[in-house]
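Data from my_file-v5.cif: mmCIF, C-alpha atoms
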data_target
#
loop_
_atom_site.label_atom_id
_atom_site.label_comp_id
_atom_site.auth_asym_id
_atom_site.auth_seq_id
_atom_site.Cartn_x
_atom_site.Cartn_y
_atom_site.Cartn_z
CA MET A 1 82.70 80.27 162.29
CA THR A 2 83.66 83.29 164.32
CA ASP A 3 82.50 86.78 163.52
CA THR A 4 85.21 89.43 163.43
CA LYS A 5 84.26 93.02 164.16
CA GLU A 6 86.41 96.09 164.49
CA GLU A 7 85.70 98.98 166.81
CA ALA A 8 84.84 102.22 165.05
CA ALA A 9 87.52 104.85 165.43
CA ALA A 10 85.14 107.79 164.89
CA ALA A 11 83.10 109.23 167.74
CA PRO A 12 79.35 109.75 167.36
CA PRO A 13 78.31 113.21 166.20
CA PRO A 14 77.86 115.71 169.04
CA SER A 15 74.36 116.27 170.34
CA ASP A 16 72.57 119.58 170.68
CA PRO A 17 72.41 120.41 174.41
CA THR A 18 69.43 122.73 173.89
CA ILE A 19 67.05 119.90 172.97
CA VAL A 20 64.29 119.19 175.48
CA THR A 21 64.37 115.43 175.99
CA HIS A 22 62.66 113.00 178.32
CA PRO A 23 63.52 109.35 178.95
CA ASP A 24 61.26 106.49 178.08
CA PRO A 25 60.04 105.21 181.50
CA THR A 26 60.53 101.63 180.28
CA ASN A 27 64.14 102.36 179.29
CA ASP A 28 66.44 99.48 180.15
CA CYS A 29 69.88 100.28 178.75
CA ARG A 30 72.45 97.66 179.72
CA GLY A 31 76.17 97.16 180.15
CA TYR A 32 77.29 93.59 180.90
CA GLY A 33 79.75 92.47 183.52
CA LYS A 34 82.74 90.39 182.49
CA LEU A 35 85.46 88.06 183.72
CA ILE A 36 88.89 87.78 182.13
CA LEU A 37 89.90 84.23 181.25
CA PHE A 38 93.34 85.20 179.95
CA GLY A 39 95.23 88.44 179.61
CA GLU A 40 95.29 90.57 182.78
CA HIS A 41 97.80 93.43 182.29
CA PHE A 42 99.41 91.82 179.24
CA VAL A 43 96.47 93.05 177.16
CA VAL A 44 97.53 96.64 177.90
CA TYR A 45 100.69 95.95 175.89
CA ASN A 46 98.86 94.62 172.82
CA ALA A 47 98.78 90.91 173.71
CA PRO A 48 95.52 89.08 172.89
CA ALA A 49 93.10 88.43 175.74
CA LEU A 50 90.05 86.22 176.17
CA VAL A 51 87.14 87.69 178.08
CA ALA A 52 83.67 86.37 178.85
CA ALA A 53 80.62 88.44 179.70
CA VAL A 54 78.33 87.33 182.51
CA SER A 55 74.56 87.48 182.25
CA SER A 56 74.17 90.12 184.99
CA ALA A 57 74.18 93.75 183.83
CA THR A 58 74.05 97.35 185.01
CA THR A 59 71.12 99.42 183.71
CA CYS A 60 70.74 103.18 183.34
CA THR A 61 67.96 105.67 182.73
CA ALA A 62 68.95 109.21 181.70
CA THR A 63 67.06 112.50 181.75
CA VAL A 64 68.49 115.47 179.84
CA ASP A 65 66.15 118.36 180.45
CA ARG A 66 65.27 122.03 180.39
CA HIS A 67 62.39 123.45 182.38
CA PRO A 68 59.21 121.94 180.87
CA THR A 69 57.21 125.22 180.90
CA THR A 70 59.58 128.15 180.47
CA GLY A 71 62.39 126.43 178.61
CA THR A 72 64.87 128.01 180.99
CA ASN A 73 67.86 126.00 182.08
CA THR A 74 67.23 124.40 185.48
CA ALA A 75 70.81 123.26 185.90
CA THR A 76 72.03 126.52 187.41
CA VAL A 77 68.80 128.33 188.45
CA ASP A 78 66.06 126.27 190.05
CA ARG A 79 62.70 127.76 191.00
CA HIS A 80 60.56 126.84 193.96
CA PRO A 81 57.46 125.01 192.62
CA THR A 82 55.01 127.24 194.54
CA THR A 83 56.62 130.67 195.03
CA GLY A 84 58.80 130.81 191.95
CA THR A 85 61.66 132.17 194.02
CA ASN A 86 65.22 131.23 193.19
CA THR A 87 66.34 128.31 195.37
CA ALA A 88 69.66 127.71 193.64
CA THR A 89 71.81 129.86 195.90
CA VAL A 90 69.64 130.53 198.97
CA ASP A 91 67.22 127.86 200.10
CA ARG A 92 65.06 128.37 203.18
CA HIS A 93 64.03 125.67 205.60
CA PRO A 94 60.24 125.17 205.25
CA THR A 95 59.62 125.61 209.00
CA THR A 96 62.36 127.83 210.40
CA GLY A 97 63.07 130.01 207.38
CA THR A 98 66.80 129.69 208.04
CA ASN A 99 69.28 129.62 205.19
CA THR A 100 70.07 126.01 204.22
CA ALA A 101 72.15 126.79 201.15
CA THR A 102 75.51 126.02 202.72
CA VAL A 103 74.55 123.66 205.53
CA ASP A 104 71.36 121.67 205.13
CA ARG A 105 70.25 119.28 207.85
CA HIS A 106 68.47 115.98 207.39
CA PRO A 107 64.91 116.34 208.78
CA THR A 108 65.28 113.29 211.06
CA THR A 109 68.98 112.88 211.86
CA GLY A 110 70.12 116.48 211.73
CA THR A 111 73.21 115.45 209.79
CA ASN A 112 74.71 117.72 207.17
CA THR A 113 73.38 116.90 203.70
CA ALA A 114 74.91 119.86 201.87
CA THR A 115 77.70 117.83 200.27
CA VAL A 116 76.07 114.38 200.29
CA ASP A 117 72.40 114.36 199.36
CA ARG A 118 70.34 111.19 199.77
CA HIS A 119 67.42 110.01 197.69
CA PRO A 120 64.26 110.25 199.88
CA THR A 121 63.24 106.62 199.22
CA THR A 122 66.36 104.62 198.51
CA GLY A 123 68.92 106.58 200.50
CA THR A 124 71.34 106.40 197.57
CA ASN A 125 73.73 109.27 196.95
CA THR A 126 72.47 111.73 194.33
CA ALA A 127 75.03 114.50 194.84
CA THR A 128 77.92 115.33 192.48
CA THR A 129 80.35 118.21 192.29
CA LEU A 130 79.18 118.93 188.73
CA PRO A 131 76.44 121.60 188.63
CA GLY A 132 73.33 120.24 186.95
CA LEU A 133 74.25 116.57 187.25
CA THR A 134 72.59 114.25 189.73
CA VAL A 135 73.23 110.53 189.98
CA GLN A 136 71.07 107.98 191.72
CA ASP A 137 73.16 104.84 192.10
CA ASP A 138 71.03 101.83 193.06
CA ARG A 139 73.47 99.19 191.81
CA PRO A 140 74.05 96.29 194.19
CA SER A 141 77.63 96.43 195.44
CA ILE A 142 80.02 95.02 197.99
CA PRO A 143 80.54 97.20 201.09
CA GLY A 144 82.82 100.15 200.41
CA TYR A 145 82.96 99.80 196.63
CA LYS A 146 81.00 102.93 195.74
CA THR A 147 82.83 105.03 198.32
CA GLU A 148 86.22 103.84 197.09
CA LYS A 149 85.30 104.52 193.46
CA ALA A 150 83.30 107.74 193.95
CA GLU A 151 85.86 110.21 192.59
CA GLU A 152 86.78 108.01 189.61
CA ALA A 153 83.09 107.44 188.87
CA GLU A 154 82.31 111.15 188.70
CA VAL A 155 85.21 111.74 186.30
CA ALA A 156 84.09 108.78 184.16
CA LEU A 157 80.46 109.89 183.95
CA ASN A 158 81.52 113.40 182.99
CA LEU A 159 83.81 112.06 180.25
CA VAL A 160 80.84 110.28 178.70
CA LEU A 161 78.82 113.50 178.91
CA GLN A 162 81.66 115.35 177.14
CA HIS A 163 81.68 112.65 174.46
CA PHE A 164 78.03 113.54 173.81
CA ASP A 165 78.87 117.27 173.96
CA LEU A 166 76.67 117.65 177.03
CA ASP A 167 77.60 120.36 179.54
CA PRO A 168 75.99 119.87 182.98
CA THR A 169 76.49 123.58 183.73
CA ARG A 170 74.02 124.35 180.90
CA VAL A 171 71.69 121.33 180.95
CA ALA A 172 70.08 119.48 183.85
CA ILE A 173 71.07 115.81 183.65
CA HIS A 174 69.92 112.96 185.88
CA LEU A 175 71.34 109.43 185.70
CA HIS A 176 69.74 106.51 187.51
CA PHE A 177 71.76 103.29 187.71
CA GLY A 178 70.42 99.89 188.72
CA GLY A 179 70.43 96.33 187.44
CA THR A 180 71.52 92.94 188.73
CA LEU A 181 75.31 93.21 188.37
CA CYS A 182 76.98 93.47 191.77
CA ALA A 183 79.65 96.18 191.64
CA VAL A 184 82.92 94.64 192.76
CA SER A 185 86.51 94.93 191.55
CA GLY A 186 87.19 92.54 188.69
CA ILE A 187 83.70 92.17 187.20
CA GLY A 188 83.99 95.20 184.90
CA ALA A 189 81.47 97.23 186.90
CA SER A 190 82.92 100.54 185.75
CA ALA A 191 82.64 99.60 182.07
CA ALA A 192 79.13 98.25 182.58
CA GLN A 193 78.19 101.58 184.16
CA VAL A 194 79.53 103.86 181.43
CA VAL A 195 78.26 101.65 178.59
CA ALA A 196 74.79 101.67 180.19
CA GLN A 197 75.11 105.45 180.55
CA ALA A 198 75.99 105.81 176.86
CA ARG A 199 72.98 103.73 175.81
CA ALA A 200 70.69 105.76 178.09
CA LEU A 201 71.95 109.10 176.77
CA SER A 202 71.56 107.90 173.20
CA LYS A 203 67.97 106.97 173.94
CA ALA A 204 67.17 110.13 175.95
CA LEU A 205 68.55 112.37 173.20
CA GLY A 206 66.75 110.46 170.46
CA ARG A 207 70.07 109.88 168.73
CA PRO A 208 70.41 106.26 167.56
CA MET A 209 73.96 104.89 167.79
CA THR A 210 75.61 101.76 166.45
CA GLU A 211 77.11 99.23 168.83
CA ASP A 212 80.56 100.43 167.75
CA GLU A 213 79.63 104.01 168.69
CA ILE A 214 78.31 102.86 172.08
CA ASN A 215 81.57 101.00 172.58
CA ALA A 216 83.58 104.13 171.69
CA ALA A 217 81.59 106.20 174.20
CA GLY A 218 82.13 103.55 176.87
CA TYR A 219 85.87 103.60 176.18
CA GLU A 220 85.94 107.36 176.84
CA GLY A 221 84.21 106.82 180.17
CA GLU A 222 86.63 104.06 181.14
CA LYS A 223 89.45 106.62 181.03
CA GLY A 224 88.00 108.13 184.18
CA TYR A 225 88.40 104.87 186.04
CA HIS A 226 91.55 103.46 184.47
CA GLY A 227 93.61 106.28 182.97
CA THR A 228 94.68 104.34 179.86
CA PRO A 229 92.15 101.50 179.57
CA SER A 230 92.83 98.46 177.43
CA GLY A 231 89.35 98.65 175.88
CA ILE A 232 88.55 95.05 176.78
CA ASP A 233 86.04 95.80 179.54
CA ASN A 234 83.89 98.25 177.58
CA THR A 235 83.93 95.89 174.57
CA ALA A 236 82.63 93.01 176.68
CA ALA A 237 80.12 95.31 178.40
CA THR A 238 78.81 96.41 175.00
CA PHE A 239 78.69 93.19 173.00
CA GLY A 240 78.45 90.42 175.62
CA GLY A 241 79.40 86.81 174.85
CA VAL A 242 82.96 85.45 174.80
CA LEU A 243 85.49 87.59 172.98
CA ARG A 244 89.05 87.50 171.80
CA PHE A 245 90.34 91.04 172.12
CA GLN A 246 93.57 92.66 171.00
CA ARG A 247 94.75 96.25 170.86
CA ARG A 248 96.65 97.41 167.79
CA VAL A 249 99.32 99.99 167.00
CA ALA A 250 98.89 102.24 163.98
CA ALA A 251 101.62 102.80 161.39
CA ASP A 252 102.46 106.15 162.98
CA GLY A 253 102.91 104.52 166.38
CA GLY A 254 99.60 105.70 167.78
CA ALA A 255 96.66 103.59 168.85
CA ALA A 256 94.59 101.89 166.17
CA ALA A 257 91.10 100.49 166.61
CA PRO A 258 91.28 97.22 168.55
CA VAL A 259 90.12 93.99 166.96
CA PHE A 260 87.76 91.59 168.66
CA VAL A 261 86.42 88.21 167.61
CA LYS A 262 83.19 86.75 168.94
CA LYS A 263 83.87 83.16 169.97
CA LYS A 264 81.44 80.30 169.40
CA LEU A 265 81.49 77.84 172.28
CA ARG A 266 80.73 74.16 171.75
CA GLN A 267 78.75 74.15 174.99
CA PRO A 268 77.94 76.48 177.90
CA ILE A 269 80.79 76.62 180.42
CA ARG A 270 79.89 76.56 184.09
CA ILE A 271 81.92 78.73 186.44
CA VAL A 272 81.91 80.02 189.99
CA TYR A 273 83.36 83.40 190.85
CA ALA A 274 83.98 84.96 194.23
CA SER A 275 85.05 88.27 195.74
CA THR A 276 88.04 88.77 197.99
CA GLY A 277 86.17 91.68 199.56
CA ILE A 278 89.02 94.02 198.57
CA THR A 279 88.38 96.95 196.24
CA ALA A 280 91.48 97.80 194.21
CA SER A 281 92.20 100.83 192.03
CA THR A 282 92.79 99.71 188.45
CA THR A 283 94.67 102.91 187.71
CA ALA A 284 97.05 102.34 190.63
CA VAL A 285 97.69 98.65 189.91
CA VAL A 286 98.16 99.11 186.16
CA GLY A 287 100.48 102.04 186.87
CA ASP A 288 102.54 99.98 189.30
CA VAL A 289 102.96 97.16 186.78
CA ARG A 290 104.06 99.73 184.21
CA LEU A 291 106.70 101.07 186.61
CA LYS A 292 108.00 97.54 187.25
CA LYS A 293 108.10 96.89 183.51
CA GLU A 294 110.09 100.07 182.88
CA ALA A 295 112.48 99.31 185.76
CA ASP A 296 113.17 95.74 184.56
CA PRO A 297 112.21 95.24 180.90
CA SER A 298 113.75 91.76 180.65
CA TRP A 299 111.66 90.55 183.60
CA PHE A 300 108.45 91.69 181.91
CA ASP A 301 109.50 90.48 178.45
CA ASN A 302 110.07 86.97 179.81
CA LEU A 303 106.60 86.86 181.37
CA TYR A 304 105.09 88.35 178.21
CA THR A 305 106.62 85.60 176.06
CA GLN A 306 105.29 82.93 178.43
CA TYR A 307 101.85 84.50 178.24
CA LEU A 308 101.75 84.54 174.42
CA ASP A 309 102.34 80.79 174.38
CA LEU A 310 99.78 80.28 177.14
CA VAL A 311 96.96 82.26 175.52
CA THR A 312 97.47 80.40 172.23
CA ARG A 313 97.02 77.06 174.00
CA GLY A 314 94.14 78.39 176.06
CA GLU A 315 92.23 79.65 173.01
CA LYS A 316 92.67 76.30 171.25
CA ALA A 317 91.34 74.47 174.32
CA LEU A 318 88.35 76.84 174.41
CA ASP A 319 87.63 76.32 170.71
CA ASP A 320 87.99 72.53 171.06
CA GLY A 321 85.76 72.38 174.14
CA ASP A 322 88.60 70.70 176.09
CA LEU A 323 87.80 71.94 179.59
CA VAL A 324 90.61 69.98 181.26
CA ALA A 325 93.23 71.62 179.03
CA LEU A 326 91.48 74.97 179.44
CA GLY A 327 91.59 74.58 183.21
CA GLN A 328 95.32 73.85 183.15
CA CYS A 329 95.92 77.01 181.13
CA ILE A 330 93.80 78.98 183.59
CA ASN A 331 95.99 77.67 186.42
CA GLU A 332 99.12 78.74 184.55
CA ASN A 333 97.67 82.20 183.99
CA HIS A 334 97.19 82.59 187.74
CA THR A 335 100.84 81.73 188.27
CA LEU A 336 101.84 84.44 185.79
CA CYS A 337 99.64 86.93 187.67
CA GLN A 338 101.46 86.01 190.87
CA LYS A 339 104.80 86.65 189.15
CA LEU A 340 103.45 90.01 187.96
CA THR A 341 102.77 90.76 191.67
CA VAL A 342 99.08 91.43 190.99
CA SER A 343 97.65 88.52 192.93
CA CYS A 344 97.26 88.66 196.70
CA PRO A 345 96.98 86.18 199.61
CA GLU A 346 93.19 86.46 199.66
CA SER A 347 92.94 85.55 195.96
CA ASP A 348 95.46 82.73 196.30
CA LYS A 349 93.51 81.22 199.18
CA LEU A 350 90.25 81.18 197.21
CA VAL A 351 91.99 79.75 194.14
CA GLU A 352 93.47 76.88 196.14
CA ALA A 353 90.14 76.18 197.85
CA ALA A 354 88.34 76.03 194.51
CA ARG A 355 90.87 73.60 193.07
CA GLY A 356 90.62 71.47 196.20
CA ALA A 357 86.83 71.32 195.81
CA GLY A 358 87.09 69.96 192.28
CA ALA A 359 87.53 72.95 189.95
CA VAL A 360 89.64 71.96 186.93
CA GLY A 361 91.14 75.45 186.90
CA ALA A 362 91.03 78.61 189.00
CA LYS A 363 92.65 82.04 188.84
CA MET A 364 92.32 85.66 189.88
CA SER A 365 90.41 87.74 187.34
CA GLY A 366 90.76 91.43 186.58
CA THR A 367 92.99 94.11 188.02
CA GLY A 368 94.21 92.00 190.91
CA ARG A 369 95.42 92.79 194.44
CA GLY A 370 91.86 92.06 195.48
CA GLY A 371 88.74 91.92 193.38
CA LEU A 372 87.59 88.58 192.00
CA MET A 373 88.69 85.06 191.25
CA LEU A 374 87.00 82.51 189.01
CA ALA A 375 86.84 78.72 188.95
CA LEU A 376 86.12 76.46 185.97
CA THR A 377 83.56 73.82 186.99
CA PRO A 378 82.64 71.39 184.18
CA THR A 379 79.62 69.77 185.82
CA GLU A 380 76.72 70.97 187.92
CA GLU A 381 77.91 68.81 190.81
CA ILE A 382 81.41 70.33 190.73
CA GLN A 383 79.97 73.81 190.39
CA ASP A 384 77.79 73.28 193.47
CA ALA A 385 80.69 71.82 195.46
CA VAL A 386 83.01 74.70 194.62
CA TYR A 387 80.28 77.22 195.34
CA GLU A 388 79.65 75.78 198.80
CA GLU A 389 83.37 75.65 199.61
CA LEU A 390 83.99 79.25 198.57
CA LYS A 391 80.97 80.43 200.56
CA LYS A 392 82.92 79.42 203.67
CA LEU A 393 85.77 81.77 202.79
CA ALA A 394 84.53 84.60 200.56
CA PRO A 395 82.13 87.45 201.41
CA GLN A 396 80.31 87.03 198.07
CA VAL A 397 80.11 84.05 195.71
CA TRP A 398 78.20 83.65 192.43
CA LYS A 399 77.39 80.82 190.01
CA THR A 400 76.93 81.44 186.29
CA THR A 401 77.82 80.21 182.81
CA PHE A 402 79.68 81.47 179.78
CA ALA A 403 77.76 80.79 176.58
#
Rewritten as structure tokens:
Amino acid sequence: MTDTKEEAAAAPPPSDPTIVTHPDPTNDCRGYGKLILFGEHFVVYNAPALVAAVSSATTCTATVDRHPTTGTNTATVDRHPTTGTNTATVDRHPTTGTNTATVDRHPTTGTNTATVDRHPTTGTNTATTLPGLTVQDDRPSIPGYKTEKAEEAEVALNLVLQHFDLDPTRVAIHLHFGGTLCAVSGIGASAAQVVAQARALSKALGRPMTEDEINAAGYEGEKGYHGTPSGIDNTAATFGGVLRFQRRVAADGGAAAPVFVKKKLRQPIRIVYASTGITASTTAVVGDVRLKKEADPSWFDNLYTQYLDLVTRGEKALDDGDLVALGQCINENHTLCQKLTVSCPESDKLVEAARGAGAVGAKMSGTGRGGLMLALTPTEEIQDAVYEELKKLAPQVWKTTFA
């Protein structure tokens, strides 16, 4: 049997930003990574998609705080711990007494840290343009990912704060991200981040939320990364497992709550996935596909019809545990992605290498034009062989299972 759940349309009740709250030091609020088996881009236009969460996850700890003694807001006025003087607008260097408010220099390198502040131990960036919000991002990532996504990330995190009715100009908020999920295009790192953030804020505020409410908060955050997200990534990040996901249209033509079905696999499915080393903007790629669709509707409609047949066969193969048939459908999905112009030479090369090493199916996964590919590897021996072959070509390669 499969369990059908429907995402709640209502947002959680707003929180009171005047509450003094402190995080549990053992807090471990997670958002899972995911890989798309079927449905890239078509899912945006209400076609069903199949998505599988991976075991690695992003974690978050949140602090939402006022000054512990005076109760005054430390988001806009911070006091020096010894002198009590205001250090928010004019900070003095401890040795020279010079003003470091507009240009602060790193004590060792002398570089300007006024716009990019580094954590004293980890070196991670804790600066944002939002007064009162600091972010310590210790997620593992491929080179360049966090820089490429920095502006989108700040918008996304703030959207989640707004969903909780938290204003970082009135309340001091600190978010600390970590976990084992490597941030790379295609793994759903953005959704894992905002879902983990939502869980952490729920915990820090002492406001229990249902999984549907966490999912709704994650969807709001995804808008910062993707503009008009499908909802599939935040759903996988929230619930984990293997899901069938489909957006719906309401009677008035607006968006209705999407429907997702938790799939029951006959056996764990071994896969290998690898990075092209290219970080792509989901907003840009999805927008480009939309423009192509609007310019040539018959072209897109033909591919859409092919996909609907493909995903029906692919879901049946998944339910039956027929990995050979599933692999063939995965191969066909990659071909459709190529026709959509969302694959790239780097992805195609890894896909061909995986098939040559014994994978029964391989395809790009996610936004495309970079990001990830995945390979279906029925046995441990095939999984190892594909892993070793892809290590020769890809900057990062991982082995895992869907279960």
Exercise. Residues picked by the PyMOL selection byres ((chain A and resi 215) around 8) here, as a PyMOL selection string?
Worked result: chain A and resi 7+195+211-214+216-219+234-235+238
For this session: Please evaluate the PyMOL selection byres ((chain A and resi 279) around 8) against the displayed coordinates and give the resulting residues as a ChimeraX atom specification.
Result: /A:144-145,148,184-185,277-278,280-281,370-371
Exercise. Using only C-alpha atoms, which residue out of A:Thr400, A:Leu181, A:Tyr45, A:Val351 lies closest to Asp301 in chain A?
Worked result: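 Distance minimum relative to Asp301 in chain A lands on A:Tyr45.
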Problem set entry | Coordinates-based distance that separates CA of Pro378 in chain A from CA of Glu315 in chain A (Å, one decimal) |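 We find that CA of Glu315 in chain A and CA of Pro378 in chain A lie 16.9 Å from each other.
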Where is the centre and how long are the edges: axis-aligned box on range 363-366 of chain A, 8 Å on each side, Å to one decimal, as JSON:
{"center_x": 91.5, "center_y": 86.7, "center_z": 188.2, "size_x": 18.2, "size_y": 25.4, "size_z": 19.3}
Expected answer as a CSV table (one decimal) with C-alpha atoms, in the frame of the given file: all residues with atoms within 8 Å of (82.8, 89.8, 200.9), all atoms listed in the file:
chain,number,residue,atom,x,y,z
A,142,ILE,CA,80.0,95.0,198.0
A,143,PRO,CA,80.5,97.2,201.1
A,275,SER,CA,85.0,88.3,195.7
A,276,THR,CA,88.0,88.8,198.0
A,277,GLY,CA,86.2,91.7,199.6
A,278,ILE,CA,89.0,94.0,198.6
A,394,ALA,CA,84.5,84.6,200.6
A,395,PRO,CA,82.1,87.4,201.4
A,396,GLN,CA,80.3,87.0,198.1
For this session: For each of A:Thr312, A:Thr283, A:Ser365, A:Thr59, take the minimum atom-to-atom distance to Gln197 in chain A, counting only C-alpha atoms, then give the residue where this is smallest.
Result: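 Result for the nearest residue to Gln197 in chain A: A:Thr59.
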Problem set entry | Atom-to-atom span, CA of Lys339 in chain A and CA of Ala274 in chain A, Å |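 Answer for the CA of Lys339 in chain A to CA of Ala274 in chain A separation: 21.5 Å.
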Could range 141-149 of chain A be completed with all heavy atoms and written as a compact mmCIF listing (two decimals), in the frame of the given file, please?
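Generated file (out-v1.txt):
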# COMPACT_ATOMS: atom_id res chain seq x y z
N SER A 141 76.18 96.34 195.37
CA SER A 141 77.63 96.43 195.44
C SER A 141 78.14 95.82 196.73
O SER A 141 77.39 95.68 197.70
CB SER A 141 78.09 97.89 195.35
OG SER A 141 77.65 98.62 196.50
N ILE A 142 79.42 95.48 196.74
CA ILE A 142 80.02 95.02 197.99
C ILE A 142 80.26 96.24 198.87
O ILE A 142 80.38 97.37 198.37
CB ILE A 142 81.34 94.25 197.74
CG1 ILE A 142 82.42 95.19 197.17
CG2 ILE A 142 81.12 93.06 196.84
CD1 ILE A 142 83.81 94.59 197.21
N PRO A 143 80.33 96.06 200.19
CA PRO A 143 80.54 97.20 201.09
C PRO A 143 81.81 97.97 200.73
O PRO A 143 82.88 97.39 200.52
CB PRO A 143 80.66 96.53 202.46
CG PRO A 143 79.90 95.25 202.34
CD PRO A 143 80.14 94.79 200.92
N GLY A 144 81.68 99.28 200.64
CA GLY A 144 82.82 100.15 200.41
C GLY A 144 83.15 100.42 198.96
O GLY A 144 83.93 101.33 198.67
N TYR A 145 82.57 99.65 198.04
CA TYR A 145 82.96 99.80 196.63
C TYR A 145 82.63 101.20 196.10
O TYR A 145 83.49 101.87 195.52
CB TYR A 145 82.26 98.75 195.76
CG TYR A 145 82.58 98.90 194.29
CD1 TYR A 145 83.66 98.24 193.73
CD2 TYR A 145 81.80 99.71 193.45
CE1 TYR A 145 83.97 98.39 192.38
CE2 TYR A 145 82.11 99.87 192.11
CZ TYR A 145 83.19 99.20 191.58
OH TYR A 145 83.49 99.37 190.25
N LYS A 146 81.40 101.65 196.30
CA LYS A 146 81.00 102.93 195.74
C LYS A 146 81.76 104.10 196.37
O LYS A 146 82.10 105.07 195.69
CB LYS A 146 79.49 103.12 195.89
CG LYS A 146 78.66 102.14 195.08
CD LYS A 146 77.18 102.35 195.32
CE LYS A 146 76.35 101.28 194.64
NZ LYS A 146 74.90 101.45 194.92
N THR A 147 82.05 103.98 197.66
CA THR A 147 82.83 105.03 198.32
C THR A 147 84.24 105.08 197.76
O THR A 147 84.77 106.16 197.45
CB THR A 147 82.88 104.78 199.84
OG1 THR A 147 81.55 104.76 200.36
CG2 THR A 147 83.69 105.85 200.54
N GLU A 148 84.85 103.92 197.61
CA GLU A 148 86.22 103.84 197.09
C GLU A 148 86.31 104.38 195.67
O GLU A 148 87.30 105.02 195.29
CB GLU A 148 86.69 102.38 197.12
CG GLU A 148 88.10 102.14 196.59
CD GLU A 148 89.17 102.64 197.53
OE1 GLU A 148 88.89 102.80 198.72
OE2 GLU A 148 90.30 102.88 197.04
N LYS A 149 85.27 104.15 194.88
CA LYS A 149 85.30 104.52 193.46
C LYS A 149 84.62 105.85 193.16
O LYS A 149 84.50 106.23 191.99
CB LYS A 149 84.62 103.42 192.64
CG LYS A 149 85.27 102.04 192.72
CD LYS A 149 86.56 101.98 191.93
CE LYS A 149 87.10 100.57 191.84
NZ LYS A 149 88.32 100.50 191.01
